[in-house]
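Quick notes on the structure that follows.
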Amino acid sequence: MLTLLKGEATRHSVAMHTEPAAELPKIMADRVQLQQVFMNLMVNGIEAMKDSGGELTVKSQLQDGQLQFSVSDTGPGLPAGSVDQIFSAFFTTKPQGSGMGLAISRSIVESHGGRLWATSNNGRGATFHFALPAEVTEPRPLVT
């Protein structure tokens with residue numbers, strides 16, 4: 001995803017960084033679906049900083065027996081009073097947004113037995129986290 005989004009990030013003066021964990025267990029998961037989650041979270045972060053530039057950081061770690069991933073930006077942060085709504089279908093803060101990206105991402109993560117949530121950063125920006133159980137074997141069918 002970093003290679004795929006490098007041009008978009010550069011165009012908006014966004015520096016991308018990774019902080020991968022040294023060793024993570026391998027899991028069986030739908031690679032394309034998880035790539036879609038990363039793509040959505042990273043594009044959202046880049047778009048949040050399109051007017052001001054900033055930094056996008058992707059991290060991974062093993063925490064409490066779960067693989068935890070996070071995508072952080074230094075944009076304007078989460079919409080006040082709307083943190084619970086951002087994962088609802090058709091809710092968007094973008095003029096051209098469909099409001100489906102975060103809802104679909106949450107469904108994908110949950111189909112793998114995980115969870116997806118967002119937090120405000122100290123200072124500027126937001127971080128989207130998702131955790132997957134280290135023993136994921138096969139994703140359950142998505143519920144639409």
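Residues are named by chain letter and number: chains run A, B, ... in the order of the structure tokens, numbers start at 1 in each chain, and ligands are numbered from 1 in the order shown.
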Test item: residues at most 8 Å from segment 120-132 of chain A, only C-alpha atoms, excluding those fewer than 5 positions along its chain, as number ranges by chain: A: 41, 66-78, 109, 112-115
Please tabulate, as a Markdown table, the residues of segment 43-66 of chain A that come within 9 Å of segment 10-30 of chain A, each with its closest pair of atoms and the distance in Å to one decimal, counting only C-alpha atoms and ordering rows by chain, then residue number upward.
| residue | atom | partner | partner_atom | distance |
| --- | --- | --- | --- | --- |
| A:Ile46 | CA | A:Val14 | CA | 6.7 |
| A:Glu47 | CA | A:His12 | CA | 8.0 |
| A:Met49 | CA | A:Val14 | CA | 7.1 |
| A:Lys50 | CA | A:His12 | CA | 4.9 |
| A:Asp51 | CA | A:His12 | CA | 7.1 |
| A:Ser52 | CA | A:Ser13 | CA | 7.7 |
| A:Gly53 | CA | A:Ser13 | CA | 4.6 |
| A:Gly54 | CA | A:Val14 | CA | 4.8 |
| A:Glu55 | CA | A:Ala15 | CA | 4.8 |
| A:Leu56 | CA | A:Met16 | CA | 4.8 |
| A:Thr57 | CA | A:His17 | CA | 4.7 |
| A:Val58 | CA | A:Thr18 | CA | 4.8 |
| A:Lys59 | CA | A:Glu19 | CA | 4.6 |
| A:Ser60 | CA | A:Pro20 | CA | 4.9 |
| A:Gln61 | CA | A:Ala21 | CA | 5.0 |
| A:Leu62 | CA | A:Leu24 | CA | 6.5 |
Spatial neighbours of segment 82-92 of chain A, max dist 9 Å, only C-alpha atoms, sep filter under 5 positions, as a ChimeraX atom specification: /A:97-106,117-119
Output for the residues just chosen: all heavy atoms as a compact mmCIF listing (two decimals), in the first residue's frame:
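Result file is again.txt:
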# COMPACT_ATOMS: atom_id res chain seq x y z
N GLY A 97 -17.42 12.22 -0.60
CA GLY A 97 -17.37 10.90 0.03
C GLY A 97 -18.68 10.14 -0.07
O GLY A 97 -19.76 10.73 -0.10
N SER A 98 -18.57 8.81 -0.10
CA SER A 98 -19.77 7.97 -0.16
C SER A 98 -20.23 7.56 1.24
O SER A 98 -21.37 7.13 1.41
CB SER A 98 -19.48 6.70 -0.96
OG SER A 98 -18.58 5.86 -0.26
N GLY A 99 -19.33 7.67 2.22
CA GLY A 99 -19.67 7.24 3.56
C GLY A 99 -19.66 5.73 3.72
O GLY A 99 -20.21 5.20 4.69
N MET A 100 -19.02 5.02 2.80
CA MET A 100 -19.01 3.56 2.87
C MET A 100 -17.66 2.98 3.29
O MET A 100 -17.60 1.85 3.77
CB MET A 100 -19.42 2.97 1.52
CG MET A 100 -20.86 3.25 1.15
SD MET A 100 -22.04 2.73 2.40
CE MET A 100 -21.81 0.97 2.37
N GLY A 101 -16.58 3.71 3.12
CA GLY A 101 -15.24 3.18 3.37
C GLY A 101 -15.03 2.64 4.77
O GLY A 101 -14.57 1.51 4.95
N LEU A 102 -15.35 3.42 5.79
CA LEU A 102 -15.12 2.97 7.16
C LEU A 102 -16.11 1.88 7.55
O LEU A 102 -15.75 0.95 8.29
CB LEU A 102 -15.19 4.14 8.14
CG LEU A 102 -14.02 5.11 8.06
CD1 LEU A 102 -14.25 6.30 8.99
CD2 LEU A 102 -12.70 4.42 8.39
N ALA A 103 -17.34 1.95 7.06
CA ALA A 103 -18.33 0.91 7.35
C ALA A 103 -17.87 -0.43 6.76
O ALA A 103 -17.93 -1.47 7.42
CB ALA A 103 -19.70 1.30 6.81
N ILE A 104 -17.40 -0.40 5.53
CA ILE A 104 -16.91 -1.63 4.88
C ILE A 104 -15.66 -2.13 5.59
O ILE A 104 -15.51 -3.33 5.85
CB ILE A 104 -16.65 -1.38 3.37
CG1 ILE A 104 -17.97 -1.19 2.65
CG2 ILE A 104 -15.83 -2.52 2.76
CD1 ILE A 104 -17.84 -0.68 1.22
N SER A 105 -14.76 -1.22 5.94
CA SER A 105 -13.54 -1.62 6.64
C SER A 105 -13.87 -2.29 7.96
O SER A 105 -13.28 -3.32 8.31
CB SER A 105 -12.63 -0.40 6.88
OG SER A 105 -12.15 0.10 5.66
N ARG A 106 -14.80 -1.73 8.70
CA ARG A 106 -15.19 -2.35 9.98
C ARG A 106 -15.78 -3.74 9.74
O ARG A 106 -15.46 -4.68 10.46
CB ARG A 106 -16.18 -1.46 10.73
CG ARG A 106 -16.58 -2.08 12.08
CD ARG A 106 -17.40 -1.15 12.91
NE ARG A 106 -16.53 -0.47 13.86
CZ ARG A 106 -16.96 0.40 14.75
NH1 ARG A 106 -18.23 0.75 14.80
NH2 ARG A 106 -16.13 0.96 15.60
N TRP A 117 -11.43 0.68 15.48
CA TRP A 117 -11.87 1.85 16.23
C TRP A 117 -10.94 3.03 15.94
O TRP A 117 -9.88 2.85 15.34
CB TRP A 117 -11.93 1.54 17.73
CG TRP A 117 -10.61 1.37 18.41
CD1 TRP A 117 -9.93 2.30 19.15
CD2 TRP A 117 -9.78 0.19 18.42
NE1 TRP A 117 -8.75 1.78 19.62
CE2 TRP A 117 -8.63 0.49 19.19
CE3 TRP A 117 -9.90 -1.08 17.85
CZ2 TRP A 117 -7.61 -0.43 19.41
CZ3 TRP A 117 -8.87 -1.99 18.06
CH2 TRP A 117 -7.75 -1.67 18.83
N ALA A 118 -11.36 4.22 16.37
CA ALA A 118 -10.59 5.44 16.13
C ALA A 118 -10.37 6.18 17.43
O ALA A 118 -11.22 6.14 18.33
CB ALA A 118 -11.33 6.34 15.14
N THR A 119 -9.23 6.87 17.52
CA THR A 119 -8.93 7.73 18.66
C THR A 119 -8.36 9.04 18.16
O THR A 119 -7.76 9.10 17.07
CB THR A 119 -7.91 7.08 19.62
OG1 THR A 119 -6.71 6.77 18.89
CG2 THR A 119 -8.46 5.81 20.25
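Nearest-residue note for Val43 of chain A: choosing from A:Ala134, A:Ile108, A:Leu5, A:Leu116, the minimum distance belongs to A:Leu5, counting only C-alpha atoms.
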All residues 10 Å or closer to Met39 of chain A, only C-alpha atoms, same chain fewer than 5 positions away omitted, as number ranges by chain: A: 1-2, 4-5, 33-34, 44-45, 101, 105
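Our summary of the geometry notes that atom CA of Ala9 of chain A is positioned 28.1 Å from atom CA of Gly81 of chain A.
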All alpha helix (DSSP H) residues (DSSP, backbone) inside chain A, as a VMD selection string: chain A and resid 2 to 11 31 to 48 101 to 111
Can you write just those residues out, C-alpha atoms, as a PDB file, in the first residue's frame?
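Generated file (selection.pdb):
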ATOM      1  CA  LEU A   2       2.903   2.374   0.702  1.00  0.00           C
ATOM      2  CA  THR A   3       4.219   1.942  -2.828  1.00  0.00           C
ATOM      3  CA  LEU A   4       0.751   2.262  -4.341  1.00  0.00           C
ATOM      4  CA  LEU A   5      -0.050   5.468  -2.425  1.00  0.00           C
ATOM      5  CA  LYS A   6       3.379   7.131  -2.636  1.00  0.00           C
ATOM      6  CA  GLY A   7       2.375   9.372  -5.554  1.00  0.00           C
ATOM      7  CA  GLU A   8      -0.834  10.495  -3.860  1.00  0.00           C
ATOM      8  CA  ALA A   9       1.019  11.215  -0.612  1.00  0.00           C
ATOM      9  CA  THR A  10       3.744  13.170  -2.415  1.00  0.00           C
ATOM     10  CA  ARG A  11       1.156  15.211  -4.328  1.00  0.00           C
ATOM     11  CA  ARG A  31      -5.135 -10.570   1.966  1.00  0.00           C
ATOM     12  CA  VAL A  32      -7.183  -8.551  -0.540  1.00  0.00           C
ATOM     13  CA  GLN A  33      -9.769  -7.596   2.079  1.00  0.00           C
ATOM     14  CA  LEU A  34      -7.097  -6.507   4.565  1.00  0.00           C
ATOM     15  CA  GLN A  35      -5.356  -4.542   1.812  1.00  0.00           C
ATOM     16  CA  GLN A  36      -8.684  -2.789   1.216  1.00  0.00           C
ATOM     17  CA  VAL A  37      -8.828  -1.840   4.905  1.00  0.00           C
ATOM     18  CA  PHE A  38      -5.280  -0.440   4.815  1.00  0.00           C
ATOM     19  CA  MET A  39      -5.990   1.375   1.543  1.00  0.00           C
ATOM     20  CA  ASN A  40      -9.121   3.010   2.937  1.00  0.00           C
ATOM     21  CA  LEU A  41      -7.503   4.092   6.200  1.00  0.00           C
ATOM     22  CA  MET A  42      -4.390   5.402   4.475  1.00  0.00           C
ATOM     23  CA  VAL A  43      -6.288   7.285   1.744  1.00  0.00           C
ATOM     24  CA  ASN A  44      -8.548   8.831   4.392  1.00  0.00           C
ATOM     25  CA  GLY A  45      -5.469   9.976   6.311  1.00  0.00           C
ATOM     26  CA  ILE A  46      -3.818  11.433   3.201  1.00  0.00           C
ATOM     27  CA  GLU A  47      -7.034  13.222   2.213  1.00  0.00           C
ATOM     28  CA  ALA A  48      -7.382  14.638   5.733  1.00  0.00           C
ATOM     29  CA  GLY A 101     -15.244   3.176   3.369  1.00  0.00           C
ATOM     30  CA  LEU A 102     -15.125   2.969   7.156  1.00  0.00           C
ATOM     31  CA  ALA A 103     -18.330   0.905   7.355  1.00  0.00           C
ATOM     32  CA  ILE A 104     -16.907  -1.627   4.878  1.00  0.00           C
ATOM     33  CA  SER A 105     -13.536  -1.618   6.639  1.00  0.00           C
ATOM     34  CA  ARG A 106     -15.193  -2.347   9.983  1.00  0.00           C
ATOM     35  CA  SER A 107     -17.207  -5.209   8.411  1.00  0.00           C
ATOM     36  CA  ILE A 108     -14.033  -6.703   6.932  1.00  0.00           C
ATOM     37  CA  VAL A 109     -12.125  -6.520  10.212  1.00  0.00           C
ATOM     38  CA  GLU A 110     -15.072  -7.952  12.163  1.00  0.00           C
ATOM     39  CA  SER A 111     -15.433 -10.804   9.635  1.00  0.00           C
TER      40      SER A 111
END
Those in segment 46-108 of chain A with strand (DSSP E) from DSSP, as number ranges by chain: A: 54-63, 66-73
